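Reading through the C-alpha cells given below for one structure.
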Amino acid sequence: MEQTLNTPVRLSRKEKYRRKTNGTYHPIVWFLIVGTAVTRVASFMSLPFLAIHLSDDLRLNSFTIGIILGMSGLTGAIGGFIGGYLSDRWGRRPIMLIAFAAWTGVFFGFWFADKPFHFLILNGLNGLCRAFFEPTSQALMADVSRPEQRLRIFNLRYVAINVGMVVGPVIGSYLYYLVSTQVFLYTGVVYAIYLFFLFRISSRYRRDTTKGGGERIRFSECLGVIRRDQALGCFVLAGILFFTVYAQIDSSLPIFLAQLEKGQLYPVLLAINAGIVVLFQYFVSRWTEKKSILTSLLVGSCFVILGFFSFAAGEEASTFITGIVFITFGEILIFPVSSLFIDRLADDRLRGTYYGANQFSQMGLFLGPLVGGWLLEVVGGRNLWWLMVLITLYIIWFYALGYRKYARKKGYNLVDVIRRVLVDLRMVSLLKSAAKSVPLLTLIVLSVLLSYRLIEDRLEAPPRTQTVQIQITPEANLFEIGKQLESKQLIHNYILFPIYSTSYSLFKQVYIQPGVYQIPREMGLEEIMYTLSRGTYQVVIPEGATVSDIATILSYYGVQREEFLRAANGKDYPFDFVQQIPDDRPYRLEGYLQPGKYEFRVDATAKEIVETMLYRFDQMLDEETRGKLKKGNLSIDQWVIVSSLIEQIEPHPSNRPYVARLMYDRLNRGQKLGIWSLPQPYSRIKRYYTSLYPGLPPGPINNPGKDALKSAINPADK
C-alpha cells in the first residue's frame, strides 16, 4: 500500500560483486551508518560537558547557558530546509563535504573559544552544520537503496546514534576530567579523519553521491511544494510536539528526580533507554516492516502515553523505570518510521528538501526545555507528566490527519486506512466477535443494573435521628463491615452488602477505606458508600481550646474557618442541652465541644464535625452525671462554665477538685472569683471579668476536658 518504486541504480559487474561481499546495501550506506556511530561517539564525548564548562569555568548563569545550548536546536530547525534544498540543487556530495568540513571546524573552535559570544555562535553553527549534513545523508542513503530496504537502514542509523549516546559520555566523562576542554580538540580530530574518508568514498562513488543535482531546482518551487503538501505540514507539527514531549526526558526529568531526592536514578534511566534501543531495535524493526506506517506511529505514541502515565502514577523508582521502558519502545517505533514516512512523501527530485523540511520538527528540542521548565515551576512534576500525556494525544491526531492526506493523494480512502491499521493490530476478528456478542452483553449489563438497583432498594434503611460512628479496620472484610452497618441501622441486610459493595466499586471505581467515620443522620446508602471510600484524617483538639482555636486547627485540614464558626453558633443539633444554651455569647457552643482525639472523613462538613464533638459531650451526660448535677443544684450550663474556669487556671488534675471546692465556696458567699487570665475573645469582654463582678461569667471561656468536668461535679470535701 505504501511502497513506491524508485529507478534502480545501475551497477557494473565489479560493483555488484562488491555489493554482495558487503551485504545487500550500497557501501555508502554502510559507511554513513558506521560513520554515524563514530561521529556520535566523538560528539557525545564533548558536547554534554559544554554546560559544565560554561558554568564552572566561565561562571555563566543558568539562563545564559540555556540560551547557548538551545541555539543549536533553533538553527538546526531552520537550517535543515535550506540544506536539503541545496542538496537537491547542487547534489548530495558537495553539501555533505562542505557541511562536515565546517562542522569539524566548529569543534576546533570550541577548543579555542573563551567568551560566551563565541560559544553562542559556535553552537549555532553546530546545529546548522548538523541540519545540513544529516538530512542530506539520509536523502543519499535513500537515493542508493531500494524502497523496501529503507526502513531497516533508518533503524540501523538510529541504533548507531544510540551507540554514540551510550559510549560517548562514558569516554567523555573520563577525558573531560583528565584534559578538560581539550576533549573538543579530540572530537575535532575524529571529525577530520572521518571527513578525509568521506571525501575518498564520495569520490569513489561520485556518480551516486551527486544525485539531486541533475537539474536546476528553484527555491520558490521548493517552498511551493512544501506549502501545498498538507501531509508534510501535519507531520512536521506532530514532530514539533513529539520533540517537545521527548525533550522532557533530558530537561525536566532530572530536575524532578532531584526534587524527589532520586537524582542518582537518572543515569540508570538513560542507560536503560540506550540499552533497550541497542538490544531491541532489530526485533522492533522486523515488526514494523510488516505493518503500515500509521500503525507503527500510533503504537509508538501509545507507548509514550503509557510512559508519561507511569511517571505521573507515583514517585517510586519502579514507576520511573517502567515509564522509561515504555517511552523507549515508543521512540524505537517513531524515529525510524518517521524518516520512512518522509521518504514516502518525497518527490525524487526534492527528497533532500523534504528531509530538510522535517528538520523543522527539531524546533521542539528548543521549545521543550523552555516550556517544560516553566510548567515544572507552575504546575509541578506530576501535572507536567499528565500534560505530556495530553500533548501526545494531539500528536496521534496530527499523525493520523497527515497520513490520511497522504493516503488520499495515493488514492486510498479512509476505510482502507482504518482497515489496514486494524489488520496490523489483529483487531478485525476481535471486533467481529465483539459485534456478535453485543446482544448478550447488553442483556448482561441490563441484568446487572436491575439487580444493582433491586439490592440497593432492599438495603436502604429508614432515616435516623442522630449521627452514628463506624470504625473500619484494615483487616475487615465486606461481611464484617456489613454487620457493623446493620448494627448501626445504616442498612437492612448485611448478607446483601458484599454484592452491593462489589457492584458499587465496579461502577463507581471507588473502594472502602479503613478509618473511623461519623455518618450524619440524613445520609443515604449511596452517600454512605461514597463517604466510606474517601478516607479519614486524625486531629487532636487540646483541652482548654476555645472555639476560635479549634477553627484554626481544623483549617489546616481543609475546613473553612468561617464555616466552622457559623456551625459553632448553630442550634440545629439533636441534643436537648443545645436548646438550653443562651444566645448572647460570642460562640454559642463554647464549652460543649468536647476536646480529644478525633478521626473525621476527608469531606466532613463543619456542621458534622461540631455534631460529632457535641455527641461525645452528650455521652458524658449519663444518668449518674445528671443525678449529681441535680443533687448539687447545678444546671448543665453552670457545670460547663465552672469546668472551663478550672481548666483555665489549674493545669494539675490532682489540684482541680480543691479549686472546684474553693470556687463553690466563693459563689455561695457571693464573692468574686478573681480570675484575671482569660483567653481571646473573652479578655476583651468586660462582663466576663470575674475580678470585677461576683458570680459566674455569662458563659464558658473554653472547652474543658474530662478531668475538669469531673472535678467540677466532684469537688473536694470541705
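Ordering of the C-alpha cells sets the chain letters (A, B, ...); residue numbers start at 1 within each chain; ligands are numbered from 1 in the order shown.
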- prompt: Residues at most 10 Å from range 259-261 of chain A, counting only C-alpha atoms, excluding those fewer than 5 positions away in the same chain, as a ChimeraX atom specification?
  reply: /A:253-254,315-316,381
What's the 8 Å shell around range 294-300 of chain A, counting only C-alpha atoms, without same-chain residues fewer than 5 positions away, as a tab-separated table (two decimals) with C-alpha atoms, in the first residue's frame?
```tsv
chain	number	residue	atom	x	y	z
A	288	THR	CA	7.42	-2.54	11.66
A	329	PHE	CA	9.84	1.39	22.86
A	330	GLY	CA	7.78	4.35	21.66
A	331	GLU	CA	10.83	6.16	20.29
A	332	ILE	CA	12.14	2.94	18.69
A	333	LEU	CA	8.91	2.81	16.69
A	334	ILE	CA	8.54	6.53	15.94
A	337	VAL	CA	9.32	5.18	10.83
A	338	SER	CA	9.24	8.99	10.75
A	396	ILE	CA	-1.62	10.98	17.44
A	399	TYR	CA	-0.10	11.74	12.63
A	400	ALA	CA	-3.50	10.34	11.67
A	403	TYR	CA	-1.39	10.03	6.97
A	421	VAL	CA	-4.44	-0.50	11.00
A	424	ASP	CA	-1.93	-4.84	11.60
A	425	LEU	CA	-3.11	-4.94	15.19
```
- request: List every residue of range 546-594 of chain A that DSSP, applied to the backbone of this structure, places in alpha helix (DSSP H), and write the result as a PyMOL selection string.
  value: chain A and resi 547-555+561-567+576-579
Could those selected residues go to a file with all heavy atoms, as a short mmCIF file (atom, residue, chain, number, x, y, z; two decimals), in the first residue's frame?
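Below is the file that was written, result.cif:
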```
data_model
loop_
_atom_site.label_atom_id
_atom_site.label_comp_id
_atom_site.auth_asym_id
_atom_site.auth_seq_id
_atom_site.Cartn_x
_atom_site.Cartn_y
_atom_site.Cartn_z
N VAL A 547 -13.29 27.88 70.83
CA VAL A 547 -13.87 27.64 69.52
C VAL A 547 -12.97 28.22 68.43
O VAL A 547 -12.75 27.61 67.38
CB VAL A 547 -15.29 28.24 69.44
CG1 VAL A 547 -15.78 28.30 68.00
CG2 VAL A 547 -16.27 27.43 70.29
N SER A 548 -12.42 29.41 68.70
CA SER A 548 -11.51 30.03 67.73
C SER A 548 -10.27 29.17 67.53
O SER A 548 -9.79 29.00 66.40
CB SER A 548 -11.12 31.43 68.21
OG SER A 548 -10.21 32.03 67.30
N ASP A 549 -9.73 28.60 68.61
CA ASP A 549 -8.56 27.72 68.49
C ASP A 549 -8.88 26.49 67.66
O ASP A 549 -8.07 26.06 66.81
CB ASP A 549 -8.08 27.28 69.88
CG ASP A 549 -7.57 28.43 70.72
OD1 ASP A 549 -7.11 29.43 70.14
OD2 ASP A 549 -7.63 28.33 71.97
N ILE A 550 -10.03 25.90 67.90
CA ILE A 550 -10.42 24.69 67.16
C ILE A 550 -10.57 25.00 65.68
O ILE A 550 -10.16 24.22 64.82
CB ILE A 550 -11.73 24.11 67.74
CG1 ILE A 550 -11.52 23.70 69.20
CG2 ILE A 550 -12.18 22.91 66.92
CD1 ILE A 550 -12.79 23.28 69.91
N ALA A 551 -11.16 26.18 65.37
CA ALA A 551 -11.32 26.57 63.97
C ALA A 551 -9.96 26.69 63.28
O ALA A 551 -9.79 26.28 62.12
CB ALA A 551 -12.08 27.89 63.88
N THR A 552 -8.98 27.23 64.00
CA THR A 552 -7.63 27.37 63.43
C THR A 552 -7.00 26.00 63.18
O THR A 552 -6.38 25.76 62.14
CB THR A 552 -6.74 28.19 64.38
OG1 THR A 552 -7.32 29.48 64.57
CG2 THR A 552 -5.33 28.33 63.82
N ILE A 553 -7.15 25.09 64.15
CA ILE A 553 -6.59 23.74 64.00
C ILE A 553 -7.19 23.03 62.79
O ILE A 553 -6.48 22.45 61.97
CB ILE A 553 -6.83 22.92 65.28
CG1 ILE A 553 -6.01 23.51 66.45
CG2 ILE A 553 -6.46 21.45 65.07
CD1 ILE A 553 -6.34 22.92 67.80
N LEU A 554 -8.51 23.10 62.67
CA LEU A 554 -9.18 22.39 61.58
C LEU A 554 -8.91 23.01 60.22
O LEU A 554 -9.03 22.33 59.20
CB LEU A 554 -10.69 22.35 61.85
CG LEU A 554 -11.12 21.49 63.04
CD1 LEU A 554 -12.61 21.66 63.32
CD2 LEU A 554 -10.81 20.02 62.79
N SER A 555 -8.57 24.30 60.21
CA SER A 555 -8.28 24.94 58.92
C SER A 555 -7.08 24.30 58.23
O SER A 555 -6.96 24.33 57.01
CB SER A 555 -8.04 26.44 59.13
OG SER A 555 -6.84 26.67 59.86
N ARG A 561 -12.54 28.15 58.06
CA ARG A 561 -12.65 28.73 59.41
C ARG A 561 -14.02 29.37 59.62
O ARG A 561 -14.68 29.12 60.64
CB ARG A 561 -11.53 29.76 59.60
CG ARG A 561 -11.57 30.44 60.96
CD ARG A 561 -10.45 31.48 61.09
NE ARG A 561 -10.57 32.19 62.36
CZ ARG A 561 -10.10 31.74 63.50
NH1 ARG A 561 -9.46 30.59 63.54
NH2 ARG A 561 -10.24 32.44 64.61
N GLU A 562 -14.46 30.19 58.68
CA GLU A 562 -15.74 30.89 58.84
C GLU A 562 -16.90 29.90 58.89
O GLU A 562 -17.87 30.09 59.63
CB GLU A 562 -15.94 31.89 57.70
CG GLU A 562 -14.94 33.04 57.71
CD GLU A 562 -14.98 33.81 59.04
OE1 GLU A 562 -16.08 34.03 59.56
OE2 GLU A 562 -13.90 34.18 59.54
N GLU A 563 -16.79 28.83 58.11
CA GLU A 563 -17.85 27.82 58.12
C GLU A 563 -17.94 27.15 59.49
O GLU A 563 -19.03 26.90 60.01
CB GLU A 563 -17.58 26.77 57.04
CG GLU A 563 -18.64 25.70 56.93
CD GLU A 563 -18.29 24.61 55.93
OE1 GLU A 563 -17.27 24.77 55.23
OE2 GLU A 563 -19.02 23.59 55.89
N PHE A 564 -16.78 26.86 60.09
CA PHE A 564 -16.79 26.23 61.41
C PHE A 564 -17.35 27.16 62.47
O PHE A 564 -18.11 26.74 63.35
CB PHE A 564 -15.37 25.80 61.79
CG PHE A 564 -15.30 25.10 63.13
CD1 PHE A 564 -15.62 23.76 63.24
CD2 PHE A 564 -14.96 25.80 64.27
CE1 PHE A 564 -15.59 23.12 64.47
CE2 PHE A 564 -14.92 25.18 65.51
CZ PHE A 564 -15.25 23.83 65.61
N LEU A 565 -16.99 28.45 62.42
CA LEU A 565 -17.50 29.41 63.41
C LEU A 565 -19.02 29.55 63.30
O LEU A 565 -19.71 29.68 64.32
CB LEU A 565 -16.82 30.77 63.22
CG LEU A 565 -15.31 30.80 63.50
CD1 LEU A 565 -14.76 32.19 63.25
CD2 LEU A 565 -15.01 30.34 64.93
N ARG A 566 -19.54 29.49 62.06
CA ARG A 566 -21.00 29.53 61.91
C ARG A 566 -21.64 28.28 62.50
O ARG A 566 -22.68 28.36 63.17
CB ARG A 566 -21.37 29.65 60.42
CG ARG A 566 -21.19 31.04 59.85
CD ARG A 566 -21.90 31.18 58.51
NE ARG A 566 -21.38 30.24 57.53
CZ ARG A 566 -20.36 30.50 56.72
NH1 ARG A 566 -19.74 31.68 56.79
NH2 ARG A 566 -19.96 29.62 55.84
N ALA A 567 -21.00 27.13 62.28
CA ALA A 567 -21.54 25.89 62.84
C ALA A 567 -21.52 25.91 64.36
O ALA A 567 -22.41 25.35 65.02
CB ALA A 567 -20.75 24.70 62.30
N ASP A 576 -30.67 17.72 73.67
CA ASP A 576 -31.54 18.59 74.45
C ASP A 576 -30.78 19.75 75.09
O ASP A 576 -31.31 20.85 75.22
CB ASP A 576 -32.27 17.77 75.53
CG ASP A 576 -31.28 17.03 76.45
OD1 ASP A 576 -30.07 17.07 76.17
OD2 ASP A 576 -31.75 16.41 77.42
N PHE A 577 -29.53 19.55 75.49
CA PHE A 577 -28.79 20.61 76.17
C PHE A 577 -28.48 21.79 75.24
O PHE A 577 -28.28 22.91 75.70
CB PHE A 577 -27.50 20.07 76.79
CG PHE A 577 -26.54 19.47 75.79
CD1 PHE A 577 -25.65 20.26 75.07
CD2 PHE A 577 -26.50 18.10 75.57
CE1 PHE A 577 -24.76 19.70 74.17
CE2 PHE A 577 -25.62 17.55 74.67
CZ PHE A 577 -24.74 18.34 73.96
N VAL A 578 -28.46 21.55 73.92
CA VAL A 578 -28.15 22.62 72.97
C VAL A 578 -29.25 23.68 73.00
O VAL A 578 -28.97 24.89 72.93
CB VAL A 578 -27.97 22.05 71.55
CG1 VAL A 578 -27.84 23.18 70.52
CG2 VAL A 578 -26.75 21.15 71.49
N GLN A 579 -30.49 23.24 73.15
CA GLN A 579 -31.59 24.19 73.13
C GLN A 579 -31.61 25.07 74.38
O GLN A 579 -32.22 26.14 74.37
CB GLN A 579 -32.93 23.43 73.00
CG GLN A 579 -32.95 22.37 71.92
CD GLN A 579 -32.52 22.90 70.56
OE1 GLN A 579 -32.87 24.02 70.20
NE2 GLN A 579 -31.76 22.09 69.80
#
```
- line: What separates CA of Gln560 in chain A and CA of Asp603 in chain A is a distance of 11.7 Å
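Shell of Asn126 in chain A at 8 Å, with only C-alpha atoms counted and residues fewer than 3 places along the chain excluded, is Ser72, Trp103, Val106, Leu122, Asn123, Cys129 and Arg130 of chain A.
With CA of Leu97 in chain A on one side and CA of Val29 in chain A on the other, the separation reads 15.9 Å.
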query: Excluding same-chain residues fewer than 4 positions from Ile153 in chain A, what lies within 8 Å of it counting only C-alpha atoms, as a PyMOL selection string?
result: chain A and resi 29+141+149+157
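Of the listed residues A:Gln230, A:Phe132, A:Ile609, A:Arg93, the one whose atoms come nearest to Arg404 in chain A is A:Gln230, with distances taken using only C-alpha atoms.
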message: Under the rule that only C-alpha atoms are counted, which of A:Phe119, A:Trp386, A:Phe398, A:Tyr592 is the nearest residue to Lys706 in chain A?
response: A:Tyr592
task: Compare A:Trp111, A:Phe341, A:Phe617, A:Phe256 by their minimum atom-to-atom distance to Phe320 in chain A, counting only C-alpha atoms, and give me the closest one.
output: A:Phe256
Using only C-alpha atoms, which residues sit within 12 Å of Phe110 in chain A once same-chain residues fewer than 2 positions away are excluded, as a PDB file with N, CA, C and O atoms, in the first residue's frame?
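Result file part-v3.pdb:
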```pdb
ATOM      1  N   SER A  43      31.082  13.275  19.270  1.00  0.00           N
ATOM      2  CA  SER A  43      30.356  14.478  19.695  1.00  0.00           C
ATOM      3  C   SER A  43      29.804  14.328  21.104  1.00  0.00           C
ATOM      4  O   SER A  43      29.833  15.277  21.896  1.00  0.00           O
ATOM      5  N   SER A  46      32.025  15.111  24.097  1.00  0.00           N
ATOM      6  CA  SER A  46      32.394  16.501  24.373  1.00  0.00           C
ATOM      7  C   SER A  46      31.195  17.404  24.635  1.00  0.00           C
ATOM      8  O   SER A  46      31.176  18.145  25.624  1.00  0.00           O
ATOM      9  N   LEU A  47      30.160  17.358  23.794  1.00  0.00           N
ATOM     10  CA  LEU A  47      29.041  18.303  23.915  1.00  0.00           C
ATOM     11  C   LEU A  47      28.299  18.227  25.250  1.00  0.00           C
ATOM     12  O   LEU A  47      27.887  19.261  25.782  1.00  0.00           O
ATOM     13  N   PHE A  49      29.422  18.004  28.052  1.00  0.00           N
ATOM     14  CA  PHE A  49      30.196  18.680  29.089  1.00  0.00           C
ATOM     15  C   PHE A  49      30.339  20.177  28.807  1.00  0.00           C
ATOM     16  O   PHE A  49      31.009  20.889  29.549  1.00  0.00           O
ATOM     17  N   LEU A  50      29.680  20.632  27.724  1.00  0.00           N
ATOM     18  CA  LEU A  50      29.724  22.057  27.411  1.00  0.00           C
ATOM     19  C   LEU A  50      29.050  22.874  28.509  1.00  0.00           C
ATOM     20  O   LEU A  50      29.556  23.931  28.905  1.00  0.00           O
ATOM     21  N   HIS A  53      31.358  23.237  31.469  1.00  0.00           N
ATOM     22  CA  HIS A  53      32.423  24.213  31.186  1.00  0.00           C
ATOM     23  C   HIS A  53      31.892  25.646  31.297  1.00  0.00           C
ATOM     24  O   HIS A  53      32.548  26.520  31.884  1.00  0.00           O
ATOM     25  N   LEU A  54      30.701  25.884  30.737  1.00  0.00           N
ATOM     26  CA  LEU A  54      30.127  27.237  30.792  1.00  0.00           C
ATOM     27  C   LEU A  54      29.809  27.659  32.218  1.00  0.00           C
ATOM     28  O   LEU A  54      29.933  28.828  32.578  1.00  0.00           O
ATOM     29  N   TRP A 103      31.603  21.639  10.150  1.00  0.00           N
ATOM     30  CA  TRP A 103      31.283  21.008  11.444  1.00  0.00           C
ATOM     31  C   TRP A 103      32.564  20.638  12.190  1.00  0.00           C
ATOM     32  O   TRP A 103      32.681  20.829  13.395  1.00  0.00           O
ATOM     33  N   THR A 104      33.552  20.153  11.432  1.00  0.00           N
ATOM     34  CA  THR A 104      34.851  19.840  12.042  1.00  0.00           C
ATOM     35  C   THR A 104      35.483  21.097  12.625  1.00  0.00           C
ATOM     36  O   THR A 104      36.024  21.097  13.739  1.00  0.00           O
ATOM     37  N   GLY A 105      35.412  22.177  11.849  1.00  0.00           N
ATOM     38  CA  GLY A 105      35.956  23.438  12.332  1.00  0.00           C
ATOM     39  C   GLY A 105      35.261  23.949  13.581  1.00  0.00           C
ATOM     40  O   GLY A 105      35.888  24.599  14.431  1.00  0.00           O
ATOM     41  N   VAL A 106      33.956  23.657  13.721  1.00  0.00           N
ATOM     42  CA  VAL A 106      33.208  24.091  14.916  1.00  0.00           C
ATOM     43  C   VAL A 106      33.818  23.483  16.169  1.00  0.00           C
ATOM     44  O   VAL A 106      33.999  24.169  17.191  1.00  0.00           O
ATOM     45  N   PHE A 107      34.177  22.199  16.122  1.00  0.00           N
ATOM     46  CA  PHE A 107      34.727  21.556  17.321  1.00  0.00           C
ATOM     47  C   PHE A 107      36.131  22.068  17.642  1.00  0.00           C
ATOM     48  O   PHE A 107      36.488  22.208  18.816  1.00  0.00           O
ATOM     49  N   PHE A 108      36.916  22.369  16.609  1.00  0.00           N
ATOM     50  CA  PHE A 108      38.193  23.028  16.889  1.00  0.00           C
ATOM     51  C   PHE A 108      37.952  24.413  17.492  1.00  0.00           C
ATOM     52  O   PHE A 108      38.702  24.871  18.358  1.00  0.00           O
ATOM     53  N   PHE A 112      39.211  26.557  21.135  1.00  0.00           N
ATOM     54  CA  PHE A 112      39.850  27.870  21.242  1.00  0.00           C
ATOM     55  C   PHE A 112      38.963  28.920  21.922  1.00  0.00           C
ATOM     56  O   PHE A 112      39.476  29.930  22.415  1.00  0.00           O
ATOM     57  N   ALA A 113      37.638  28.723  21.941  1.00  0.00           N
ATOM     58  CA  ALA A 113      36.712  29.757  22.423  1.00  0.00           C
ATOM     59  C   ALA A 113      36.920  30.033  23.909  1.00  0.00           C
ATOM     60  O   ALA A 113      37.214  29.127  24.697  1.00  0.00           O
ATOM     61  N   ASP A 114      36.739  31.318  24.279  1.00  0.00           N
ATOM     62  CA  ASP A 114      36.866  31.680  25.691  1.00  0.00           C
ATOM     63  C   ASP A 114      35.854  32.724  26.129  1.00  0.00           C
ATOM     64  O   ASP A 114      35.906  33.203  27.263  1.00  0.00           O
ATOM     65  N   LYS A 115      34.912  33.104  25.256  1.00  0.00           N
ATOM     66  CA  LYS A 115      33.898  34.097  25.599  1.00  0.00           C
ATOM     67  C   LYS A 115      32.511  33.521  25.312  1.00  0.00           C
ATOM     68  O   LYS A 115      32.344  32.703  24.391  1.00  0.00           O
ATOM     69  N   PRO A 116      31.501  33.932  26.096  1.00  0.00           N
ATOM     70  CA  PRO A 116      30.138  33.407  25.884  1.00  0.00           C
ATOM     71  C   PRO A 116      29.640  33.613  24.458  1.00  0.00           C
ATOM     72  O   PRO A 116      28.975  32.736  23.901  1.00  0.00           O
ATOM     73  N   PHE A 117      29.980  34.773  23.850  1.00  0.00           N
ATOM     74  CA  PHE A 117      29.516  35.038  22.489  1.00  0.00           C
ATOM     75  C   PHE A 117      30.094  34.020  21.516  1.00  0.00           C
ATOM     76  O   PHE A 117      29.414  33.589  20.570  1.00  0.00           O
ATOM     77  N   HIS A 118      31.348  33.640  21.730  1.00  0.00           N
ATOM     78  CA  HIS A 118      31.972  32.633  20.860  1.00  0.00           C
ATOM     79  C   HIS A 118      31.191  31.315  20.913  1.00  0.00           C
ATOM     80  O   HIS A 118      30.922  30.691  19.877  1.00  0.00           O
ATOM     81  N   PHE A 119      30.845  30.902  22.130  1.00  0.00           N
ATOM     82  CA  PHE A 119      30.120  29.639  22.287  1.00  0.00           C
ATOM     83  C   PHE A 119      28.714  29.728  21.696  1.00  0.00           C
ATOM     84  O   PHE A 119      28.191  28.745  21.165  1.00  0.00           O
ATOM     85  N   LEU A 120      28.098  30.900  21.795  1.00  0.00           N
ATOM     86  CA  LEU A 120      26.770  31.089  21.211  1.00  0.00           C
ATOM     87  C   LEU A 120      26.826  30.894  19.700  1.00  0.00           C
ATOM     88  O   LEU A 120      26.001  30.165  19.121  1.00  0.00           O
ATOM     89  N   ILE A 121      27.785  31.549  19.045  1.00  0.00           N
ATOM     90  CA  ILE A 121      27.925  31.431  17.589  1.00  0.00           C
ATOM     91  C   ILE A 121      28.302  30.006  17.192  1.00  0.00           C
ATOM     92  O   ILE A 121      27.736  29.429  16.252  1.00  0.00           O
ATOM     93  N   LEU A 122      29.256  29.418  17.922  1.00  0.00           N
ATOM     94  CA  LEU A 122      29.721  28.075  17.580  1.00  0.00           C
ATOM     95  C   LEU A 122      28.619  27.033  17.740  1.00  0.00           C
ATOM     96  O   LEU A 122      28.471  26.143  16.886  1.00  0.00           O
ATOM     97  N   ASN A 123      27.838  27.128  18.807  1.00  0.00           N
ATOM     98  CA  ASN A 123      26.771  26.134  18.982  1.00  0.00           C
ATOM     99  C   ASN A 123      25.659  26.340  17.961  1.00  0.00           C
ATOM    100  O   ASN A 123      25.007  25.384  17.546  1.00  0.00           O
ATOM    101  N   GLY A 124      25.448  27.614  17.560  1.00  0.00           N
ATOM    102  CA  GLY A 124      24.506  27.847  16.469  1.00  0.00           C
ATOM    103  C   GLY A 124      24.990  27.209  15.180  1.00  0.00           C
ATOM    104  O   GLY A 124      24.218  26.588  14.442  1.00  0.00           O
ATOM    105  N   LEU A 125      26.300  27.344  14.882  1.00  0.00           N
ATOM    106  CA  LEU A 125      26.881  26.693  13.704  1.00  0.00           C
ATOM    107  C   LEU A 125      26.850  25.175  13.835  1.00  0.00           C
ATOM    108  O   LEU A 125      26.677  24.460  12.837  1.00  0.00           O
ATOM    109  N   ASN A 126      27.018  24.673  15.058  1.00  0.00           N
ATOM    110  CA  ASN A 126      26.935  23.230  15.299  1.00  0.00           C
ATOM    111  C   ASN A 126      25.574  22.697  14.860  1.00  0.00           C
ATOM    112  O   ASN A 126      25.480  21.693  14.145  1.00  0.00           O
ATOM    113  N   SER A 180      40.145  18.335  30.446  1.00  0.00           N
ATOM    114  CA  SER A 180      39.216  19.474  30.389  1.00  0.00           C
ATOM    115  C   SER A 180      38.764  19.735  28.946  1.00  0.00           C
ATOM    116  O   SER A 180      38.412  18.803  28.238  1.00  0.00           O
ATOM    117  N   THR A 181      38.795  21.006  28.503  1.00  0.00           N
ATOM    118  CA  THR A 181      38.230  21.367  27.197  1.00  0.00           C
ATOM    119  C   THR A 181      39.015  20.816  26.019  1.00  0.00           C
ATOM    120  O   THR A 181      38.580  20.946  24.871  1.00  0.00           O
ATOM    121  N   GLN A 182      40.152  20.193  26.257  1.00  0.00           N
ATOM    122  CA  GLN A 182      40.908  19.573  25.171  1.00  0.00           C
ATOM    123  C   GLN A 182      40.125  18.431  24.533  1.00  0.00           C
ATOM    124  O   GLN A 182      40.441  17.990  23.428  1.00  0.00           O
ATOM    125  N   VAL A 183      39.073  17.980  25.216  1.00  0.00           N
ATOM    126  CA  VAL A 183      38.227  16.926  24.664  1.00  0.00           C
ATOM    127  C   VAL A 183      37.575  17.389  23.361  1.00  0.00           C
ATOM    128  O   VAL A 183      37.315  16.589  22.457  1.00  0.00           O
ATOM    129  N   PHE A 184      37.319  18.733  23.217  1.00  0.00           N
ATOM    130  CA  PHE A 184      36.775  19.249  21.958  1.00  0.00           C
ATOM    131  C   PHE A 184      37.794  19.095  20.823  1.00  0.00           C
ATOM    132  O   PHE A 184      37.414  18.874  19.672  1.00  0.00           O
ATOM    133  N   LEU A 185      39.065  19.227  21.155  1.00  0.00           N
ATOM    134  CA  LEU A 185      40.117  19.012  20.157  1.00  0.00           C
ATOM    135  C   LEU A 185      40.086  17.573  19.662  1.00  0.00           C
ATOM    136  O   LEU A 185      40.194  17.317  18.451  1.00  0.00           O
ATOM    137  N   TYR A 186      39.930  16.613  20.575  1.00  0.00           N
ATOM    138  CA  TYR A 186      39.870  15.205  20.185  1.00  0.00           C
ATOM    139  C   TYR A 186      38.671  14.942  19.276  1.00  0.00           C
ATOM    140  O   TYR A 186      38.769  14.183  18.299  1.00  0.00           O
ATOM    141  N   THR A 187      37.545  15.570  19.614  1.00  0.00           N
ATOM    142  CA  THR A 187      36.364  15.414  18.753  1.00  0.00           C
ATOM    143  C   THR A 187      36.641  15.976  17.364  1.00  0.00           C
ATOM    144  O   THR A 187      36.282  15.372  16.346  1.00  0.00           O
ATOM    145  N   GLY A 188      37.286  17.150  17.311  1.00  0.00           N
ATOM    146  CA  GLY A 188      37.626  17.731  16.022  1.00  0.00           C
ATOM    147  C   GLY A 188      38.540  16.837  15.210  1.00  0.00           C
ATOM    148  O   GLY A 188      38.390  16.723  13.984  1.00  0.00           O
TER     149      GLY A 188
END
```
message: One decimal, in Å: what's the spacing between CA of Ser711 in chain A and CA of Val610 in chain A?
response: 24.4 Å
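Distances to Gln594 in chain A were evaluated for A:Leu195, A:Leu662, A:Ala708, A:Ile249 using only C-alpha atoms, and the minimum falls at A:Ala708.
Considering only C-alpha atoms, the residue among A:Leu60, A:Leu384, A:Thr467, A:Tyr394 positioned nearest to Gln248 in chain A is A:Leu384.
Nearest residue to Val34 in chain A among A:Pro715, A:Gly402, A:Gly164, A:Gly275 is A:Gly164, counting only C-alpha atoms.
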Shell around Val166 in chain A at 8 Å using only C-alpha atoms, local window under 5 positions removed, as a list of chain:residue names: A:Val41, A:Ala271, A:Ala274
